[in-house]
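Shown here: upload34.txt, compact mmCIF, C-alpha atoms.
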```
# COMPACT_ATOMS: atom_id res chain seq x y z
CA MET K 1340 2.61 -21.53 21.81
CA LEU K 1341 3.81 -24.24 19.44
CA GLN K 1342 0.85 -23.49 17.17
CA THR K 1343 1.63 -19.80 17.18
CA ILE K 1344 5.22 -20.37 16.15
CA SER K 1345 4.39 -22.98 13.53
CA TYR K 1346 1.74 -20.84 11.76
CA MET K 1347 4.12 -17.91 11.87
CA LEU K 1348 6.96 -19.93 10.37
CA LEU K 1349 4.68 -21.48 7.78
CA THR K 1350 3.66 -18.03 6.55
CA ILE K 1351 7.24 -16.74 6.50
CA VAL K 1352 8.65 -19.79 4.73
CA ILE K 1353 5.92 -19.76 2.06
CA PHE K 1354 6.42 -16.03 1.51
CA PHE K 1355 10.18 -16.27 1.04
CA PHE K 1356 9.85 -19.29 -1.22
CA MET K 1357 7.28 -17.49 -3.38
CA THR K 1358 9.44 -14.38 -3.53
CA TRP K 1359 12.34 -16.53 -4.70
CA LEU K 1360 10.11 -18.23 -7.29
CA TYR K 1361 8.87 -14.86 -8.57
CA LYS K 1362 12.37 -13.48 -8.97
CA ARG K 1363 13.63 -16.71 -10.50
CA THR K 1364 10.90 -17.07 -13.12
CA GLY K 1365 10.05 -13.41 -13.71
CA ILE K 1366 6.42 -14.30 -14.48
CA SER K 1367 4.17 -11.29 -13.81
CA PHE K 1368 1.27 -13.30 -12.42
CA LEU K 1369 3.38 -14.95 -9.72
CA PHE K 1370 3.30 -11.97 -7.35
CA PRO K 1371 4.42 -13.33 -3.95
CA ILE K 1372 1.40 -11.89 -2.16
CA LEU K 1373 -0.96 -13.64 -4.58
CA THR K 1374 0.79 -17.01 -4.67
CA SER K 1375 1.53 -17.07 -0.90
CA THR K 1376 -2.12 -16.35 -0.12
CA ILE K 1377 -3.37 -19.04 -2.48
CA VAL K 1378 -0.97 -21.65 -1.09
CA LEU K 1379 -1.91 -20.78 2.50
CA LEU K 1380 -5.62 -20.87 1.64
CA LEU K 1381 -5.25 -24.31 0.08
CA ILE K 1382 -3.32 -25.64 3.07
CA LEU K 1383 -5.85 -24.29 5.58
CA ILE K 1384 -8.86 -25.49 3.60
CA PHE K 1385 -7.53 -29.01 2.95
CA ALA K 1386 -6.24 -29.45 6.52
CA LYS K 1387 -9.55 -28.03 7.80
CA ILE K 1388 -7.81 -25.40 9.92
CA PRO K 1389 -10.14 -22.49 10.81
CA TYR K 1390 -8.91 -18.95 10.13
CA ASP K 1391 -8.99 -18.10 13.86
CA THR K 1392 -6.62 -20.96 14.63
CA TYR K 1393 -4.24 -19.83 11.90
CA MET K 1394 -4.41 -16.27 13.21
CA GLN K 1395 -2.80 -17.31 16.50
CA GLY K 1396 0.38 -17.18 14.45
CA GLY K 1397 -0.89 -14.70 11.88
CA ARG K 1398 -1.54 -12.14 14.58
CA VAL K 1399 2.14 -11.93 15.44
CA ILE K 1400 3.00 -11.04 11.84
CA ASN K 1401 0.02 -8.71 11.66
CA PHE K 1402 1.35 -6.87 14.71
CA PHE K 1403 4.23 -5.39 12.71
CA LEU K 1404 1.92 -3.60 10.25
CA GLY K 1405 1.49 -0.59 12.55
CA PRO K 1406 5.21 0.05 13.05
CA ALA K 1407 5.81 -0.57 9.32
CA VAL K 1408 3.30 2.10 8.33
CA VAL K 1409 4.89 4.57 10.75
CA GLY K 1410 8.25 3.62 9.22
CA MET K 1411 7.04 4.81 5.83
CA ALA K 1412 7.84 8.31 7.12
CA TYR K 1413 11.53 7.48 6.65
CA PRO K 1414 11.62 7.18 2.82
CA LEU K 1415 9.25 10.14 2.64
CA TYR K 1416 11.77 12.18 4.63
CA THR K 1417 14.85 11.07 2.70
CA GLN K 1418 13.13 11.85 -0.63
CA TRP K 1419 11.83 15.21 0.49
CA ASP K 1420 13.78 17.22 -2.12
CA VAL K 1421 12.26 15.17 -4.97
CA ILE K 1422 8.80 15.81 -3.54
CA MET K 1423 9.49 19.53 -3.29
CA ARG K 1424 10.81 19.69 -6.85
CA PHE K 1425 7.58 18.32 -8.31
CA LYS K 1426 5.23 19.14 -5.48
CA LYS K 1427 2.41 20.57 -7.59
CA THR K 1428 2.33 17.65 -10.01
CA ILE K 1429 2.62 15.02 -7.29
CA LEU K 1430 0.06 16.44 -4.89
CA SER K 1431 -2.62 17.26 -7.41
CA SER K 1432 -2.15 13.98 -9.28
CA VAL K 1433 -2.52 11.98 -6.08
CA ILE K 1434 -5.81 13.78 -5.42
CA VAL K 1435 -6.99 13.26 -9.02
CA ALA K 1436 -6.15 9.54 -8.79
CA MET K 1437 -8.08 9.17 -5.58
CA LEU K 1438 -11.15 10.98 -6.89
CA ALA K 1439 -11.06 9.06 -10.19
CA GLY K 1440 -10.71 5.76 -8.33
CA MET K 1441 -13.44 6.46 -5.79
CA THR K 1442 -16.02 7.89 -8.18
CA SER K 1443 -15.53 5.10 -10.72
CA VAL K 1444 -15.75 2.44 -8.04
CA ILE K 1445 -18.93 3.93 -6.59
CA ALA K 1446 -20.48 4.27 -10.07
CA LEU K 1447 -19.59 0.69 -11.02
CA GLY K 1448 -20.68 -0.60 -7.64
CA LEU K 1449 -24.10 0.99 -8.04
CA LEU K 1450 -24.31 -0.40 -11.57
CA PHE K 1451 -23.61 -3.90 -10.25
CA GLN K 1452 -26.03 -3.27 -7.37
CA LEU K 1453 -23.55 -3.90 -4.60
CA ASP K 1454 -24.66 -3.36 -1.03
CA GLU K 1455 -23.43 -0.41 0.98
CA GLN K 1456 -20.92 -2.32 3.07
CA MET K 1457 -19.26 -3.58 -0.10
CA LEU K 1458 -19.08 -0.05 -1.49
CA ARG K 1459 -17.42 1.09 1.73
CA SER K 1460 -14.95 -1.77 1.45
CA PHE K 1461 -14.11 -0.63 -2.09
CA LEU K 1462 -13.21 2.99 -1.32
CA PRO K 1463 -9.61 2.49 -0.11
CA LYS K 1464 -8.71 0.03 -2.90
CA SER K 1465 -5.91 2.16 -4.38
CA ILE K 1466 -4.19 2.54 -1.00
CA THR K 1467 -1.39 0.32 0.28
CA SER K 1468 -2.85 -2.70 2.16
CA PRO K 1469 -1.75 -2.03 5.74
CA VAL K 1470 -3.38 1.40 5.66
CA ALA K 1471 -6.35 0.31 3.53
CA ILE K 1472 -7.22 -2.38 6.09
CA GLN K 1473 -7.38 0.22 8.82
CA ILE K 1474 -9.32 2.74 6.71
CA SER K 1475 -11.82 0.04 5.75
CA ASP K 1476 -12.28 -0.83 9.39
CA ALA K 1477 -12.72 2.82 10.33
CA ILE K 1478 -15.35 3.57 7.66
CA GLY K 1479 -17.44 0.44 8.21
CA GLY K 1480 -16.15 -1.75 5.39
CA ILE K 1481 -14.96 -5.36 5.53
CA PRO K 1482 -11.14 -5.26 5.86
CA GLN K 1483 -10.67 -8.75 4.35
CA MET K 1484 -12.60 -7.66 1.25
CA THR K 1485 -10.65 -4.44 1.04
CA VAL K 1486 -7.30 -6.17 1.14
CA LEU K 1487 -8.46 -8.37 -1.73
CA PHE K 1488 -9.47 -5.35 -3.83
CA VAL K 1489 -6.19 -3.65 -3.00
CA ILE K 1490 -4.20 -6.61 -4.24
CA ILE K 1491 -6.22 -6.93 -7.45
CA ALA K 1492 -5.82 -3.19 -8.06
CA GLY K 1493 -2.06 -3.51 -7.54
CA ILE K 1494 -1.71 -6.44 -9.91
CA THR K 1495 -3.89 -4.71 -12.53
CA GLY K 1496 -1.63 -1.68 -12.40
CA ALA K 1497 1.58 -3.70 -12.49
CA ILE K 1498 0.52 -5.85 -15.43
CA GLY K 1499 -1.58 -3.33 -17.35
CA GLY K 1500 0.35 -0.15 -16.56
CA PRO K 1501 3.09 -0.30 -19.22
CA GLY K 1502 0.47 -1.00 -21.92
CA ILE K 1503 -1.73 1.88 -20.76
CA TYR K 1504 1.30 4.19 -20.78
CA ARG K 1505 2.11 3.21 -24.36
CA LEU K 1506 -1.50 3.59 -25.46
CA LEU K 1507 -1.88 7.04 -23.90
CA LYS K 1508 1.66 8.13 -24.89
CA ILE K 1509 2.78 8.73 -21.33
CA ASP K 1510 6.51 9.28 -21.54
CA THR K 1511 7.53 11.62 -18.72
CA PRO K 1512 9.16 10.09 -15.63
CA VAL K 1513 7.11 11.87 -12.94
CA SER K 1514 3.72 11.08 -14.48
CA LYS K 1515 4.53 7.38 -14.81
CA GLY K 1516 5.56 7.20 -11.17
CA VAL K 1517 2.82 9.27 -9.63
CA ALA K 1518 0.00 7.52 -11.54
CA MET K 1519 1.24 4.06 -10.60
CA GLY K 1520 1.92 4.93 -6.96
CA SER K 1521 -1.49 6.48 -6.43
CA ALA K 1522 -3.61 4.01 -8.44
CA ALA K 1523 -1.78 0.73 -7.80
CA HIS K 1524 0.31 1.34 -4.61
CA GLY K 1525 3.30 -0.90 -3.75
CA ILE K 1526 2.60 -3.77 -6.14
CA GLY K 1527 2.39 -1.34 -9.07
CA VAL K 1528 5.41 0.61 -7.86
CA SER K 1529 7.52 -2.57 -7.82
CA LYS K 1530 7.09 -2.64 -11.61
CA LEU K 1531 8.51 0.88 -12.02
CA THR K 1532 12.14 -0.19 -11.72
CA GLU K 1533 12.38 -0.45 -15.52
CA TYR K 1534 11.62 3.28 -15.88
CA GLY K 1535 14.55 4.43 -13.76
CA GLU K 1536 15.36 5.81 -10.34
CA LEU K 1537 13.34 9.05 -10.48
CA THR K 1538 10.11 7.30 -11.56
CA LEU K 1539 10.58 4.68 -8.87
CA SER K 1540 11.07 7.13 -6.03
CA ILE K 1541 8.18 9.32 -7.23
CA GLY K 1542 6.09 6.15 -7.26
CA SER K 1543 6.83 5.26 -3.67
CA VAL K 1544 6.34 8.85 -2.55
CA ALA K 1545 2.94 8.93 -4.33
CA MET K 1546 1.99 5.67 -2.65
CA THR K 1547 2.72 7.07 0.82
CA LEU K 1548 1.02 10.40 0.11
CA SER K 1549 -2.07 8.67 -1.17
CA ALA K 1550 -2.16 6.59 2.01
CA ILE K 1551 -2.03 9.77 4.11
CA LEU K 1552 -4.52 11.73 2.00
CA GLY K 1553 -6.79 8.70 1.57
CA SER K 1554 -7.05 8.28 5.33
CA PHE K 1555 -8.55 11.74 5.53
CA LEU K 1556 -10.52 11.67 2.27
CA CYS K 1557 -12.30 8.30 2.65
CA PRO K 1558 -14.26 9.29 5.78
CA VAL K 1559 -15.22 12.56 4.08
CA VAL K 1560 -16.54 10.73 1.00
CA ILE K 1561 -18.47 8.36 3.26
CA TYR K 1562 -19.93 11.35 5.09
CA LEU K 1563 -20.98 12.98 1.82
CA PHE K 1564 -22.39 9.95 0.00
CA PHE K 1565 -23.87 7.64 2.62
CA MET I 125 28.99 -9.11 18.20
CA ARG I 126 28.33 -6.46 15.55
CA LYS I 127 25.43 -8.53 14.28
CA LEU I 128 24.01 -8.63 17.79
CA VAL I 129 24.26 -4.86 18.12
CA LYS I 130 22.54 -4.47 14.76
CA LEU I 131 19.76 -6.84 15.82
CA LEU I 132 19.27 -4.99 19.09
CA ASN I 133 19.22 -1.74 17.17
CA ILE I 134 16.51 -2.97 14.79
CA THR I 135 14.43 -4.26 17.70
CA LEU I 136 14.67 -0.96 19.59
CA GLN I 137 13.80 1.04 16.49
CA ILE I 138 10.77 -1.13 15.73
CA ALA I 139 9.70 -0.67 19.36
CA PHE I 140 10.00 3.09 18.87
CA LEU I 141 7.91 2.91 15.66
CA TYR I 142 5.38 0.82 17.56
CA VAL I 143 5.15 3.40 20.34
CA LEU I 144 4.44 6.06 17.71
CA SER I 145 1.67 3.95 16.16
CA LEU I 146 0.20 3.42 19.65
CA LEU I 147 0.39 7.15 20.26
CA GLY I 148 -1.40 7.70 16.94
CA GLY I 149 -4.06 5.25 18.06
CA ILE I 150 -4.57 7.08 21.34
CA ILE I 151 -4.86 10.43 19.56
CA VAL I 152 -7.42 9.01 17.11
CA GLU I 153 -9.45 7.55 19.96
CA PHE I 154 -9.27 10.78 21.92
CA LEU I 155 -10.40 12.92 18.97
CA HIS I 156 -13.07 10.41 17.82
CA VAL I 157 -11.95 10.64 14.21
CA PRO I 158 -12.15 7.65 11.81
CA LEU I 159 -8.44 7.67 10.93
CA PRO I 160 -5.85 4.88 11.11
CA GLY I 161 -3.67 5.40 14.18
CA SER I 162 -0.55 4.38 12.31
CA ILE I 163 -1.05 7.18 9.76
CA ILE I 164 -1.10 9.70 12.61
CA GLY I 165 2.06 7.99 13.88
CA LEU I 166 3.62 8.41 10.43
CA ILE I 167 2.79 12.12 10.37
CA ILE I 168 4.20 12.59 13.89
CA LEU I 169 7.44 10.84 12.90
CA LEU I 170 7.71 12.92 9.72
CA LEU I 171 7.34 16.09 11.80
CA LEU I 172 9.90 14.89 14.36
CA LEU I 173 12.36 14.14 11.55
CA HIS I 174 11.86 17.56 9.98
CA MET I 175 12.24 19.34 13.30
CA LYS I 176 15.46 17.35 13.82
CA ILE I 177 14.14 16.06 17.14
CA VAL I 178 14.54 12.53 15.81
CA LYS I 179 17.65 11.86 13.75
CA LYS I 180 17.03 9.73 10.68
CA GLU I 181 19.59 7.23 11.97
CA TYR I 182 17.21 6.48 14.85
CA VAL I 183 14.64 4.93 12.52
CA ALA I 184 16.64 3.95 9.43
CA ASP I 185 17.37 0.35 10.50
CA GLY I 186 13.88 -0.37 11.81
CA ALA I 187 12.16 1.03 8.72
CA GLY I 188 14.76 -0.62 6.50
CA PHE I 189 13.94 -3.96 8.09
CA LEU I 190 10.14 -3.68 7.93
CA LEU I 191 9.47 -1.96 4.61
CA PRO I 192 11.04 -4.58 2.30
CA ILE I 193 8.91 -7.29 3.94
CA LEU I 194 5.72 -5.22 3.97
CA THR I 195 4.04 -7.75 1.66
CA LEU I 196 4.68 -10.55 4.15
CA LEU I 197 3.10 -8.50 6.90
CA PHE I 198 -0.33 -8.35 5.32
CA ILE I 199 -0.54 -11.96 4.18
CA PRO I 200 -2.42 -13.05 7.36
CA ALA I 201 -5.05 -10.36 6.70
CA THR I 202 -5.38 -11.46 3.08
CA VAL I 203 -5.88 -15.09 4.08
CA GLY I 204 -8.99 -13.80 5.89
CA VAL I 205 -10.91 -14.06 2.61
CA MET I 206 -11.34 -17.75 3.46
CA ASN I 207 -14.18 -16.66 5.72
CA TYR I 208 -16.02 -15.41 2.61
CA PRO I 209 -16.68 -18.47 0.43
CA GLU I 210 -19.51 -16.53 -1.30
CA LEU I 211 -16.77 -14.85 -3.35
CA LEU I 212 -16.63 -17.96 -5.54
CA SER I 213 -19.68 -16.82 -7.47
CA TRP I 214 -21.02 -14.14 -9.80
CA LEU I 215 -20.44 -11.65 -6.98
CA GLY I 216 -16.73 -12.49 -6.95
CA VAL I 217 -16.50 -12.03 -10.71
CA SER I 218 -18.26 -8.67 -10.63
CA LEU I 219 -15.99 -7.46 -7.82
CA LEU I 220 -13.00 -8.44 -9.92
CA ILE I 221 -14.34 -6.60 -12.98
CA ILE I 222 -15.11 -3.47 -10.97
CA THR I 223 -11.63 -3.38 -9.44
CA ILE I 224 -9.87 -3.85 -12.77
CA ILE I 225 -11.91 -1.25 -14.69
CA SER I 226 -11.68 1.31 -11.91
CA THR I 227 -7.92 0.85 -11.55
CA ILE I 228 -7.24 1.17 -15.29
CA PHE I 229 -9.47 4.25 -15.46
CA SER I 230 -7.78 5.90 -12.50
CA LEU I 231 -4.29 5.02 -13.76
CA GLY I 232 -4.99 6.43 -17.23
CA VAL I 233 -6.67 9.63 -16.07
CA THR I 234 -3.96 10.33 -13.52
CA ALA I 235 -1.10 9.64 -15.92
CA LYS I 236 -2.56 12.01 -18.55
CA PHE I 237 -3.25 14.69 -15.96
CA ALA I 238 0.19 14.34 -14.38
CA GLN I 239 1.93 14.48 -17.73
CA LYS I 240 0.27 17.80 -18.61
CA LEU I 241 1.20 19.30 -15.23
CA GLU I 242 4.71 17.89 -15.26
CA GLN I 243 5.45 19.47 -18.62
CA THR I 244 4.40 22.93 -17.42
CA GLU I 245 6.19 22.48 -14.09
CA ARG I 246 9.39 21.47 -15.85
CA GLN I 247 9.20 24.36 -18.30
CA LYS I 248 9.03 26.81 -15.43
CA GLU I 249 12.10 25.29 -13.90
CA GLU I 250 15.09 27.37 -15.01
CA VAL I 251 17.77 25.06 -13.74
CA GLU I 252 17.03 21.50 -14.74
CA VAL I 253 18.65 19.36 -12.09
CA TYR I 254 17.13 16.09 -13.18
CA ALA I 255 17.60 15.34 -16.84
CA PRO I 256 14.66 13.35 -18.16
CA ASN I 257 16.08 9.93 -18.87
CA ASP I 258 13.97 9.17 -21.90
```
Would you mind writing the file out in structure tokens?
Amino acid sequence: MLQTISYMLLTIVIFFFMTWLYKRTGISFLFPILTSTIVLLLILIFAKIPYDTYMQGGRVINFFLGPAVVGMAYPLYTQWDVIMRFKKTILSSVIVAMLAGMTSVIALGLLFQLDEQMLRSFLPKSITSPVAIQISDAIGGIPQMTVLFVIIAGITGAIGGPGIYRLLKIDTPVSKGVAMGSAAHGIGVSKLTEYGELTLSIGSVAMTLSAILGSFLCPVVIYLFF
Amino acid sequence: MRKLVKLLNITLQIAFLYVLSLLGGIIVEFLHVPLPGSIIGLIILLLLLHMKIVKKEYVADGAGFLLPILTLLFIPATVGVMNYPELLSWLGVSLLIITIISTIFSLGVTAKFAQKLEQTERQKEEVEVYAPND
């Protein structure tokens, strides 16, 4: 019981400290998810605490993922009129992003001669972590690998996105939001604030839609390719 | 006292969201489909909101509590990579390269595609409600 509470608190305290540090310094590479994970990993490795022991507390935090995903229906509902206004662009772009992400990841994976389980773990990489973990589990991937890919994808989008937009002359608000939300989920979307309210809300809508569509599409792709 | 009511409210709403994710899980199990139960829960909630069976006030506080700390919620899962020390190798590097290239590719393709569509969709729109801000 004491262990459960202490591992829980440890995670929460580290997370809030890292969030504070990120906001304070404004350094792109200090994403709280990245720094919190690294700090926790170091603590566990140096104190020789096995993952299963840590998860006695971790499990409690993990528990809230399900309700949080269901809760994503709320912003989707409140932003329904924005979705309807650009429904064609949003829906088809989310599908394009998913296909582009999955085909490129399969092609690269084959090029690097990855095994099948790794390829499966790669498929949901553009989808927000809590959903990607579950998709990975459902399609025979390794959820811990998937969550790692998801985070790297998010950070790539957040850091590289503005440069890519300049390079490709992307200057319309919906396209910036929908591409980021469907290729780099929440971490990418958090970087959209500088482009204004519309881009930001399109981004979070695209993230949720790609989680929903991805849940259905990933098993289909697995069925077709493996 | 008001804080206590608010706290109780958040707890009840999270419990409600949890019940929906459980329900989603049961449906998935029953239908034998490889889908995340929570996504089914999300779809059910979205339908309930649209049909006005659930008022948005019934979930606003719970969702408003959980969504801003979403990142915290998946830290324990991320720490699970410690069970895969083989990542500190050429394999780890290639996985990193694959993820970065694929993400940039997908971001670029989607942005270009979306921009083309957005321009035509906006042109069709007679009454421009949202003024493009740049």
Could you name the residues that touch K:Leu1404 at 8 Å or less, counting only C-alpha atoms, but leaving out those on the same chain fewer than 4 positions away, as a PyMOL selection string?
-> (chain K and resi 1400+1408+1469) or (chain I and resi 194+197-198)
Which residues of chain K sit at most 7 Å from chain I, using all atoms listed in the file? Give each one's shortest atom pair and distance in Å (one decimal place), in chain and ascending residue order, as a Markdown table.
```
| residue | atom | partner | partner_atom | distance |
| --- | --- | --- | --- | --- |
| K:Phe1354 | CA | I:Leu196 | CA | 6.3 |
| K:Ile1372 | CA | I:Thr195 | CA | 6.2 |
| K:Thr1376 | CA | I:Val203 | CA | 5.8 |
| K:Leu1380 | CA | I:Val203 | CA | 6.3 |
| K:Tyr1390 | CA | I:Gly204 | CA | 6.7 |
| K:Met1394 | CA | I:Pro200 | CA | 7.0 |
| K:Gly1397 | CA | I:Pro200 | CA | 5.0 |
| K:Ile1400 | CA | I:Leu197 | CA | 5.6 |
| K:Asn1401 | CA | I:Leu197 | CA | 5.7 |
| K:Phe1403 | CA | I:Leu197 | CA | 6.7 |
| K:Leu1404 | CA | I:Leu197 | CA | 6.1 |
| K:Gly1405 | CA | I:Ser162 | CA | 5.4 |
| K:Pro1406 | CA | I:Tyr142 | CA | 4.6 |
| K:Ala1407 | CA | I:Leu190 | CA | 5.5 |
| K:Val1408 | CA | I:Ser162 | CA | 6.0 |
| K:Val1409 | CA | I:Leu166 | CA | 4.1 |
| K:Gly1410 | CA | I:Ala187 | CA | 4.7 |
| K:Met1411 | CA | I:Leu166 | CA | 6.8 |
| K:Ala1412 | CA | I:Leu170 | CA | 5.3 |
| K:Tyr1413 | CA | I:Ala187 | CA | 6.8 |
| K:Tyr1416 | CA | I:Leu170 | CA | 6.6 |
| K:Thr1428 | CA | I:Leu241 | CA | 5.6 |
| K:Ser1432 | CA | I:Ala238 | CA | 5.6 |
| K:Val1435 | CA | I:Thr234 | CA | 6.2 |
| K:Ala1436 | CA | I:Thr234 | CA | 5.3 |
| K:Ala1439 | CA | I:Ser230 | CA | 5.1 |
| K:Gly1440 | CA | I:Ser230 | CA | 5.1 |
| K:Ser1443 | CA | I:Ser226 | CA | 5.5 |
| K:Val1444 | CA | I:Ser226 | CA | 5.7 |
| K:Leu1447 | CA | I:Ile222 | CA | 6.1 |
| K:Ser1468 | CA | I:Phe198 | CA | 6.9 |
| K:Pro1469 | CA | I:Phe198 | CA | 6.5 |
| K:Val1470 | CA | I:Pro160 | CA | 6.9 |
| K:Gln1473 | CA | I:Pro160 | CA | 5.4 |
| K:Ile1474 | CA | I:Pro160 | CA | 6.0 |
| K:Ala1477 | CA | I:Pro158 | CA | 5.1 |
| K:Ile1478 | CA | I:Pro158 | CA | 6.6 |
| K:Gln1483 | CA | I:Gly204 | CA | 5.5 |
| K:Met1484 | CA | I:Val205 | CA | 6.8 |
| K:Val1486 | CA | I:Thr202 | CA | 6.0 |
| K:Leu1487 | CA | I:Thr202 | CA | 6.5 |
| K:Phe1488 | CA | I:Thr223 | CA | 6.3 |
| K:Ile1491 | CA | I:Thr223 | CA | 6.8 |
| K:Ala1492 | CA | I:Thr227 | CA | 5.7 |
| K:Thr1495 | CA | I:Ile224 | CA | 6.0 |
| K:Gly1496 | CA | I:Thr227 | CA | 6.8 |
| K:Ile1503 | CA | I:Gly232 | CA | 6.6 |
| K:Ile1509 | CA | I:Ala235 | CA | 6.7 |
| K:Thr1511 | CA | I:Gln239 | CA | 6.4 |
| K:Pro1512 | CA | I:Pro256 | CA | 6.9 |
| K:Val1513 | CA | I:Glu242 | CA | 6.9 |
| K:Ser1514 | CA | I:Ala238 | CA | 4.8 |
| K:Lys1515 | CA | I:Ala235 | CA | 6.2 |
| K:Ala1518 | CA | I:Ala235 | CA | 5.0 |
| K:Met1519 | CA | I:Leu231 | CA | 6.4 |
| K:Ala1522 | CA | I:Leu231 | CA | 5.5 |
| K:Ile1551 | CA | I:Ile163 | CA | 6.3 |
| K:Ser1554 | CA | I:Leu159 | CA | 5.8 |
| K:Phe1555 | CA | I:Leu159 | CA | 6.8 |
| K:Pro1558 | CA | I:Pro158 | CA | 6.6 |
```
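Take atom CA of K:Asp1454 and atom CA of K:Pro1389: the distance between them is 26.8 Å.
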Nearby residues (all atoms listed in the file) at most 9 Å from K:Phe1368, same-chain spacing under 4 positions excluded, as a list in words |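 Contacts, with the query itself left out: Tyr1361, Leu1373, Thr1374, Ile1494 and Ile1498 of chain K.
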Give me, please, the distance in Å between atom CA of I:Leu212 and atom CA of K:Thr1392, quoted to one decimal.
->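 Between these atoms lies a distance of 22.7 Å.
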